[in-house]
file my_file30.cif (mmCIF, C-alpha atoms)
data_entry
#
loop_
_atom_site.label_atom_id
_atom_site.label_comp_id
_atom_site.auth_asym_id
_atom_site.auth_seq_id
_atom_site.Cartn_x
_atom_site.Cartn_y
_atom_site.Cartn_z
CA MET A 269 -27.53 -15.42 38.24
CA PRO A 270 -24.86 -17.91 37.15
CA ILE A 271 -23.20 -17.19 33.82
CA GLN A 272 -24.14 -19.80 31.24
CA THR A 273 -23.08 -20.66 27.74
CA ILE A 274 -25.09 -22.19 24.92
CA PRO A 275 -23.93 -23.96 21.75
CA PHE A 276 -23.04 -21.86 18.74
CA HIS A 277 -26.17 -22.95 16.86
CA PRO A 278 -28.74 -21.63 16.54
CA LEU A 279 -27.85 -17.99 16.37
CA VAL A 280 -30.56 -15.44 17.05
CA ASN A 281 -31.15 -13.80 13.69
CA LYS A 282 -32.90 -10.62 12.63
CA PRO A 283 -36.29 -11.93 11.44
CA ALA A 284 -39.04 -10.95 13.86
CA GLU A 285 -39.92 -13.16 16.77
CA GLY A 286 -42.71 -12.87 19.33
CA ARG A 287 -42.56 -10.44 22.19
CA LEU A 288 -42.61 -11.44 25.83
CA PRO A 289 -45.99 -12.11 27.48
CA LEU A 290 -47.75 -9.65 29.73
CA ARG A 291 -47.27 -9.91 33.47
CA SER A 292 -49.15 -8.56 36.45
CA ASN A 293 -49.13 -4.95 37.63
CA SER A 294 -45.73 -3.35 38.24
CA ARG A 295 -44.40 -0.51 40.39
CA VAL A 296 -42.01 0.36 37.54
CA HIS A 297 -43.42 2.61 34.85
CA TRP A 298 -41.71 1.69 31.58
CA ILE A 299 -41.74 4.53 29.04
CA GLY A 300 -41.61 3.99 25.29
CA GLU A 301 -42.79 1.51 22.69
CA SER A 302 -40.75 -1.46 21.56
CA ASP A 303 -41.19 -4.28 19.07
CA TYR A 304 -39.32 -6.61 21.41
CA TRP A 305 -40.57 -5.82 24.91
CA ILE A 306 -44.00 -5.70 26.50
CA ALA A 307 -43.99 -4.20 29.99
CA PRO A 308 -46.73 -4.83 32.56
CA PRO A 309 -49.05 -1.89 33.28
CA CYS A 310 -48.28 0.40 36.19
CA GLN A 311 -51.71 1.21 37.59
CA SER A 312 -50.56 3.16 40.65
CA GLU A 313 -47.99 5.84 41.35
CA PRO A 314 -44.67 4.30 40.29
CA ASP A 315 -41.60 3.96 42.46
CA PHE A 316 -39.36 3.93 39.36
CA ILE A 317 -39.61 5.27 35.83
CA MET A 318 -37.37 3.60 33.24
CA PRO A 319 -36.90 3.87 29.47
CA LEU A 320 -37.97 0.87 27.42
CA SER A 321 -36.62 2.18 24.11
CA GLU A 322 -33.85 4.44 22.84
CA ASP A 323 -36.22 7.25 21.89
CA SER A 324 -37.52 7.48 25.47
CA VAL A 325 -34.17 7.90 27.30
CA LEU A 326 -34.03 11.70 27.22
CA GLU A 327 -37.78 11.88 27.79
CA VAL A 328 -37.51 9.94 31.04
CA ALA A 329 -34.49 11.92 32.21
CA ARG A 330 -36.34 15.23 31.78
CA MET A 331 -39.48 14.17 33.64
CA GLN A 332 -40.49 16.09 36.76
CA THR A 333 -41.48 13.34 39.17
CA ARG A 334 -40.91 11.98 42.66
CA ALA A 335 -40.22 8.54 41.23
CA ARG A 336 -36.65 7.32 40.91
CA LYS A 337 -35.16 7.51 37.42
CA LEU A 338 -31.93 8.15 35.56
CA SER A 339 -30.46 11.64 35.70
CA LEU A 340 -30.24 14.00 32.75
CA GLN A 341 -26.44 13.82 32.89
CA ALA A 342 -26.56 10.03 32.62
CA ALA A 343 -28.98 10.23 29.70
CA LEU A 344 -26.70 12.68 27.89
CA ASN A 345 -23.65 10.50 28.51
CA CYS A 346 -25.49 7.55 26.96
CA THR A 347 -26.86 9.58 24.03
CA SER A 348 -24.04 11.93 22.99
CA ARG A 349 -21.00 10.17 21.51
CA LEU A 350 -18.82 13.11 22.58
CA ALA A 351 -20.15 13.19 26.15
CA LEU A 352 -19.52 9.46 26.57
CA ARG A 353 -15.89 9.67 25.46
CA VAL A 354 -15.26 12.59 27.81
CA ALA A 355 -16.93 10.74 30.71
CA LEU A 356 -14.64 7.73 30.13
CA ALA A 357 -11.49 9.80 29.67
CA SER A 358 -9.76 8.48 32.81
CA THR A 359 -10.81 4.83 32.52
CA GLY A 360 -8.57 3.52 29.72
CA LEU A 361 -11.69 2.10 28.07
CA ASN A 362 -11.81 4.60 25.20
CA PRO A 363 -10.39 3.70 21.81
CA VAL A 364 -8.29 6.38 20.15
CA TRP A 365 -10.83 9.02 19.19
CA HIS A 366 -11.18 12.58 17.93
CA PRO A 367 -14.16 14.96 18.03
CA LEU A 368 -15.85 15.56 14.70
CA GLU A 369 -17.82 18.71 14.07
CA TRP A 370 -21.05 17.37 12.66
CA PRO A 371 -21.68 18.72 9.15
CA GLY A 372 -25.36 17.85 9.01
CA PRO A 373 -26.68 15.76 6.10
CA ALA A 374 -23.62 15.09 3.93
CA ALA A 375 -21.58 12.55 1.98
CA VAL A 376 -18.17 11.76 3.49
CA LYS A 377 -15.62 10.52 0.97
CA ALA A 378 -12.20 8.95 1.48
CA PRO A 379 -9.18 10.60 -0.25
CA ALA A 380 -9.77 8.22 -3.16
CA SER A 381 -12.88 6.18 -3.81
CA CYS A 382 -14.74 4.36 -6.56
CA ALA A 383 -18.06 2.54 -6.77
CA ASN A 384 -19.05 3.94 -3.36
CA LEU A 385 -16.04 2.34 -1.65
CA GLY A 386 -14.91 4.80 1.00
CA VAL A 387 -18.15 6.79 0.78
CA ARG A 388 -20.56 7.18 3.70
CA PHE A 389 -23.79 9.14 3.66
CA LEU A 390 -24.60 11.01 6.87
CA PRO A 391 -28.35 11.60 7.19
CA GLU A 392 -30.13 13.80 9.67
CA THR A 393 -31.90 11.62 12.24
CA TRP A 394 -34.59 12.02 14.87
CA TYR A 395 -32.01 11.18 17.53
CA ILE A 396 -29.70 14.03 16.53
CA ALA A 397 -32.61 16.45 16.40
CA THR A 398 -33.79 15.38 19.85
CA LEU A 399 -30.30 15.74 21.32
CA ALA A 400 -30.10 19.22 19.79
CA GLN A 401 -33.27 20.23 21.63
CA VAL A 402 -31.82 19.16 24.98
CA ALA A 403 -28.10 19.89 24.58
CA PRO A 404 -27.42 21.82 21.36
CA ASP A 405 -23.67 22.08 21.99
CA LEU A 406 -23.34 18.31 22.24
CA ALA A 407 -25.37 17.84 19.06
CA ARG A 408 -22.73 19.82 17.15
CA PHE A 409 -20.14 17.06 17.54
CA GLY A 410 -19.76 13.40 16.76
CA VAL A 411 -16.54 11.40 17.07
CA ILE A 412 -14.10 9.52 14.84
CA GLU A 413 -12.77 6.35 16.45
CA GLU A 414 -10.08 3.86 15.61
CA ARG A 415 -11.23 0.47 14.42
CA ILE A 416 -10.64 -2.21 17.04
CA GLU A 417 -9.93 -5.75 15.87
CA GLY A 418 -11.31 -8.43 18.15
CA PRO A 419 -14.53 -10.07 19.35
CA GLN A 420 -17.38 -7.77 20.35
CA TYR A 421 -19.78 -8.52 23.18
CA GLU A 422 -23.06 -7.05 24.33
CA LEU A 423 -23.82 -6.94 28.03
CA ASP A 424 -27.25 -5.93 29.28
CA GLY A 425 -28.06 -5.16 32.88
CA PHE A 426 -29.32 -2.51 35.27
CA VAL A 427 -28.31 -0.22 38.11
CA VAL A 428 -30.67 0.18 41.07
CA GLY A 429 -29.63 2.15 44.13
CA GLY A 430 -26.04 2.24 42.89
CA ARG A 431 -25.83 -1.56 42.61
CA ILE A 432 -24.74 -2.77 39.18
CA GLU A 433 -26.11 -6.13 38.05
CA HIS A 434 -25.74 -7.75 34.65
CA LEU A 435 -27.41 -10.49 32.65
CA SER A 436 -25.64 -13.03 30.44
CA PRO A 437 -22.95 -11.66 28.09
CA LEU A 438 -23.65 -12.11 24.37
CA LEU A 439 -21.07 -12.57 21.64
CA GLN A 440 -22.07 -10.62 18.53
CA HIS A 441 -21.58 -12.10 15.06
CA TRP A 442 -21.06 -9.51 12.31
CA ASN A 443 -20.93 -9.66 8.53
CA GLU A 444 -17.62 -9.28 6.69
CA ALA A 445 -18.10 -5.54 6.20
CA TRP A 446 -18.68 -5.05 9.96
CA ASP A 447 -21.77 -2.97 9.31
CA GLN A 448 -24.52 -5.43 10.32
CA ILE A 449 -25.02 -7.82 13.23
CA LEU A 450 -26.03 -11.26 11.94
CA GLY A 451 -26.69 -12.96 15.26
CA TYR A 452 -25.92 -13.34 18.94
CA GLN A 453 -24.58 -16.16 21.07
CA ARG A 454 -24.70 -16.45 24.85
CA GLN A 455 -21.05 -16.81 25.75
CA THR A 456 -18.80 -15.76 28.62
CA PRO A 457 -15.79 -13.76 27.36
CA PRO A 458 -12.52 -15.69 27.75
CA ASP A 459 -10.75 -12.75 29.38
CA ARG A 460 -11.54 -12.67 33.09
CA ASP A 461 -11.39 -8.86 33.36
CA TRP A 462 -14.62 -8.37 31.41
CA ARG A 463 -16.73 -7.82 34.53
CA SER A 464 -14.38 -5.12 35.81
CA ALA A 465 -14.37 -3.44 32.40
CA ALA A 466 -18.17 -3.45 32.28
CA ARG A 467 -18.49 -1.93 35.74
CA ALA A 468 -15.84 0.65 34.94
CA SER A 469 -17.90 1.63 31.89
CA VAL A 470 -21.18 2.05 33.77
CA LYS A 471 -19.98 4.11 36.73
CA PRO A 472 -18.48 7.11 34.87
CA ALA A 473 -21.67 7.37 32.82
CA TRP A 474 -23.50 8.18 36.09
CA LEU A 475 -26.11 5.52 35.43
CA ASP A 476 -28.43 4.73 38.32
CA ASP A 477 -32.01 3.49 38.60
CA ALA A 478 -31.94 2.52 34.93
CA PRO A 479 -31.24 -0.42 32.62
CA PHE A 480 -28.21 -0.45 30.36
CA CYS A 481 -26.95 -2.09 27.20
CA LEU A 482 -23.23 -1.81 26.54
CA GLU A 483 -21.05 -3.10 23.75
CA MET A 484 -17.35 -3.65 24.27
CA ARG A 485 -14.62 -5.18 22.17
CA TYR A 486 -11.54 -7.09 23.26
CA ASP A 487 -8.53 -5.40 21.66
CA ARG A 488 -6.05 -8.15 20.88
CA ARG A 489 -3.17 -5.77 20.16
CA LEU A 490 -0.28 -5.43 22.62
CA ARG A 491 -1.34 -6.78 26.05
CA GLY A 492 -5.00 -7.15 25.13
CA GLU A 493 -7.60 -4.99 26.80
CA TRP A 494 -11.28 -4.07 26.65
CA LYS A 495 -12.54 -1.00 24.81
CA LEU A 496 -16.07 0.32 25.18
CA ILE A 497 -17.86 0.79 21.87
CA GLU A 498 -21.06 2.34 23.25
CA ILE A 499 -23.52 2.25 26.12
CA HIS A 500 -27.26 2.91 26.17
CA ALA A 501 -29.68 3.54 29.04
CA ARG A 502 -32.10 0.79 27.96
CA LEU A 503 -31.95 -2.93 27.22
CA GLY A 504 -30.98 -4.37 23.84
CA GLU A 505 -33.58 -4.10 21.12
CA ASP A 506 -33.01 -6.94 18.67
CA PRO A 507 -35.32 -9.93 18.11
CA GLY A 508 -34.80 -12.84 20.46
CA LEU A 509 -32.34 -11.10 22.76
CA ALA A 510 -34.53 -11.46 25.86
CA ALA A 511 -34.23 -15.25 25.80
CA LEU A 512 -30.44 -15.06 25.46
CA MET A 513 -29.94 -12.37 28.11
CA SER A 514 -31.57 -14.43 30.83
CA ASP A 515 -33.53 -17.63 31.42
CA GLU A 516 -36.05 -15.36 33.16
CA ASP A 517 -37.86 -12.32 31.74
CA PRO A 518 -35.25 -9.51 32.05
CA LEU A 519 -37.92 -6.92 32.88
CA ALA A 520 -39.10 -9.10 35.75
CA VAL A 521 -35.51 -9.35 37.02
CA ILE A 522 -35.23 -5.56 37.03
CA GLU A 523 -38.61 -5.07 38.68
CA ARG A 524 -37.68 -7.51 41.46
CA ALA A 525 -34.49 -5.55 42.12
CA CYS A 526 -36.54 -2.36 42.28
CA ALA A 527 -38.92 -3.97 44.81
CA ARG A 528 -35.94 -4.75 47.05
CA ALA A 529 -34.49 -1.23 46.84
#

call {"tool": "encode", "arguments": {"input": "my_file30.cif", "output": "structure tokens"}}
result
Amino acid sequence: MPIQTIPFHPLVNKPAEGRLPLRSNSRVHWIGESDYWIAPPCQSEPDFIMPLSEDSVLEVARMQTRARKLSLQAALNCTSRLALRVALASTGLNPVWHPLEWPGPAAVKAPASCANLGVRFLPETWYIATLAQVAPDLARFGVIEERIEGPQYELDGFVVGGRIEHLSPLLQHWNEAWDQILGYQRQTPPDRDWRSAARASVKPAWLDDAPFCLEMRYDRRLRGEWKLIEIHARLGEDPGLAALMSDEDPLAVIERACARA
């Protein structure tokens, strides 16, 4: 699919938008519920099983089935922050990072703080609890990472039979505090190495027969290079993203690739 750009306005904002329409029967069994995706029913034995939402990634990986799906190792690499950084250790795509022994529900405070500046509350989440059930050692650690200054992009795509394909790259627009995404814009990154960086991020994660959503930031310091922020084994889950990712229904694009495999 040719890479396209669209004007800056309008951005795709957070308020809810409609989900994609239903299609005919599929040979891909999509697992999970999403506010932003509606998958066609799979009324026969599936050839592929893929996660539709973040909370179904480990579920799919642990299934006992003859259908093709992502491996447990790939699911762990895309779920555990520690496992991902270790998997990317030889790629040059990691920011400076350190393991953090997870304290459980806590308040983390900077050396000096006032009026909640420098204070972050760390809640227990369903995702941490689920990771602990599958890989308790990984659930003991998070990571601390350097802050990268530069534009951040989301790239959604899929891997089927070892072939990596991507949809349109999306520039993310953040608020001043860098703690909330305000909108997305379909835009090709100006640096021509972005495709190589994306592929180099996907391969070490061992992703295959699965969708992906990765976020990477262009580090403008020194020579300028890409750093991977995170990668997930499912498509992006914000309102309106499907229309920006592709001019065609992204699930249909993936299902067509599966039919060719």

call {"tool": "residues_around", "arguments": {"input": "my_file30.cif", "residues": "Ser302 (chain A)", "least_positions_apart": "3", "cutoff": "8 Å", "atoms": "only C-alpha atoms", "output": "list in words"}}
result
Trp305, Ile306, Leu320, Ser321 and Glu505 of chain A

call {"tool": "closest_residue", "arguments": {"input": "my_file30.cif", "among": "A:Arg336, A:Arg460, A:Ala525, A:Leu406", "to": "Val354 (chain A)", "atoms": "all atoms listed in the file"}}
result
A:Leu406

call {"tool": "closest_atom_pairs", "arguments": {"input": "my_file30.cif", "of": "region 349-373 of chain A", "to": "region 481-500 of chain A", "cutoff": "7 Å", "atoms": "all atoms listed in the file", "output": "tab-separated table"}}
result
residue	atom	partner	partner_atom	distance
A:Leu361	CA	A:Lys495	CA	4.6
A:Asn362	CA	A:Lys495	CA	5.7
A:Pro363	CA	A:Lys495	CA	6.0

call {"tool": "resolve_selection", "arguments": {"input": "my_file30.cif", "expression": "the PyMOL selection byres ((chain A and resi 411) around 12)", "output": "mmCIF file with C-alpha atoms, keeping the file's coordinate frame"}}
result
data_model
loop_
_atom_site.group_PDB
_atom_site.id
_atom_site.type_symbol
_atom_site.label_atom_id
_atom_site.label_comp_id
_atom_site.auth_asym_id
_atom_site.auth_seq_id
_atom_site.Cartn_x
_atom_site.Cartn_y
_atom_site.Cartn_z
ATOM 1 C CA SER A 348 -24.040 11.930 22.990
ATOM 2 C CA ARG A 349 -21.000 10.170 21.510
ATOM 3 C CA LEU A 350 -18.820 13.110 22.580
ATOM 4 C CA ALA A 351 -20.150 13.190 26.150
ATOM 5 C CA LEU A 352 -19.520 9.460 26.570
ATOM 6 C CA ARG A 353 -15.890 9.670 25.460
ATOM 7 C CA VAL A 354 -15.260 12.590 27.810
ATOM 8 C CA ASN A 362 -11.810 4.600 25.200
ATOM 9 C CA PRO A 363 -10.390 3.700 21.810
ATOM 10 C CA VAL A 364 -8.290 6.380 20.150
ATOM 11 C CA TRP A 365 -10.830 9.020 19.190
ATOM 12 C CA HIS A 366 -11.180 12.580 17.930
ATOM 13 C CA PRO A 367 -14.160 14.960 18.030
ATOM 14 C CA LEU A 368 -15.850 15.560 14.700
ATOM 15 C CA GLU A 369 -17.820 18.710 14.070
ATOM 16 C CA TRP A 370 -21.050 17.370 12.660
ATOM 17 C CA PRO A 371 -21.680 18.720 9.150
ATOM 18 C CA LEU A 406 -23.340 18.310 22.240
ATOM 19 C CA ALA A 407 -25.370 17.840 19.060
ATOM 20 C CA ARG A 408 -22.730 19.820 17.150
ATOM 21 C CA PHE A 409 -20.140 17.060 17.540
ATOM 22 C CA GLY A 410 -19.760 13.400 16.760
ATOM 23 C CA ILE A 412 -14.100 9.520 14.840
ATOM 24 C CA GLU A 413 -12.770 6.350 16.450
ATOM 25 C CA GLU A 414 -10.080 3.860 15.610
ATOM 26 C CA ILE A 497 -17.860 0.790 21.870
ATOM 27 C CA GLU A 498 -21.060 2.340 23.250
#

call {"tool": "closest_residue", "arguments": {"input": "my_file30.cif", "among": "A:Ile432, A:Ile449, A:Val521, A:Ala342", "to": "Asp506 (chain A)", "atoms": "only C-alpha atoms"}}
result
A:Ile449

call {"tool": "closest_residue", "arguments": {"input": "my_file30.cif", "among": "A:Ile416, A:Gly508, A:Glu313, A:Glu322", "to": "Ile299 (chain A)", "atoms": "all atoms listed in the file"}}
result
A:Glu322

call {"tool": "closest_residue", "arguments": {"input": "my_file30.cif", "among": "A:Leu509, A:Arg334, A:Pro458, A:Asn443", "to": "Asp303 (chain A)", "atoms": "all atoms listed in the file"}}
result
A:Leu509

call {"tool": "axis_aligned_box", "arguments": {"input": "my_file30.cif", "around": "region 410-427 of chain A", "padding_each_side": "6 Å", "output": "lines of an AutoDock Vina configuration file"}}
result
center_x = -19.6
center_y = 1.7
center_z = 26.3
size_x = 31.4
size_y = 35.5
size_z = 35.7

call {"tool": "atom_distance", "arguments": {"input": "my_file30.cif", "atom1": "CA of Leu399 (chain A)", "atom2": "CA of Leu519 (chain A)"}}
result
26.6 Å

call {"tool": "resolve_selection", "arguments": {"input": "my_file30.cif", "expression": "the PyMOL selection byres ((chain A and resi 446) around 12)", "output": "PyMOL selection string"}}
result
chain A and resi 415-420+440-445+447-450

call {"tool": "closest_residue", "arguments": {"input": "my_file30.cif", "among": "A:Ala397, A:Ala329, A:Cys310, A:Ala466", "to": "His434 (chain A)", "atoms": "only C-alpha atoms"}}
result
A:Ala466

call {"tool": "atom_distance", "arguments": {"input": "my_file30.cif", "atom1": "CA of Glu301 (chain A)", "atom2": "CA of Ile522 (chain A)"}}
result
17.7 Å

call {"tool": "closest_residue", "arguments": {"input": "my_file30.cif", "among": "A:Arg295, A:Gln311, A:Val325, A:Glu392", "to": "Asn345 (chain A)", "atoms": "all atoms listed in the file"}}
result
A:Val325

call {"tool": "atom_distance", "arguments": {"input": "my_file30.cif", "atom1": "CA of Leu423 (chain A)", "atom2": "CA of Leu438 (chain A)"}}
result
6.3 Å
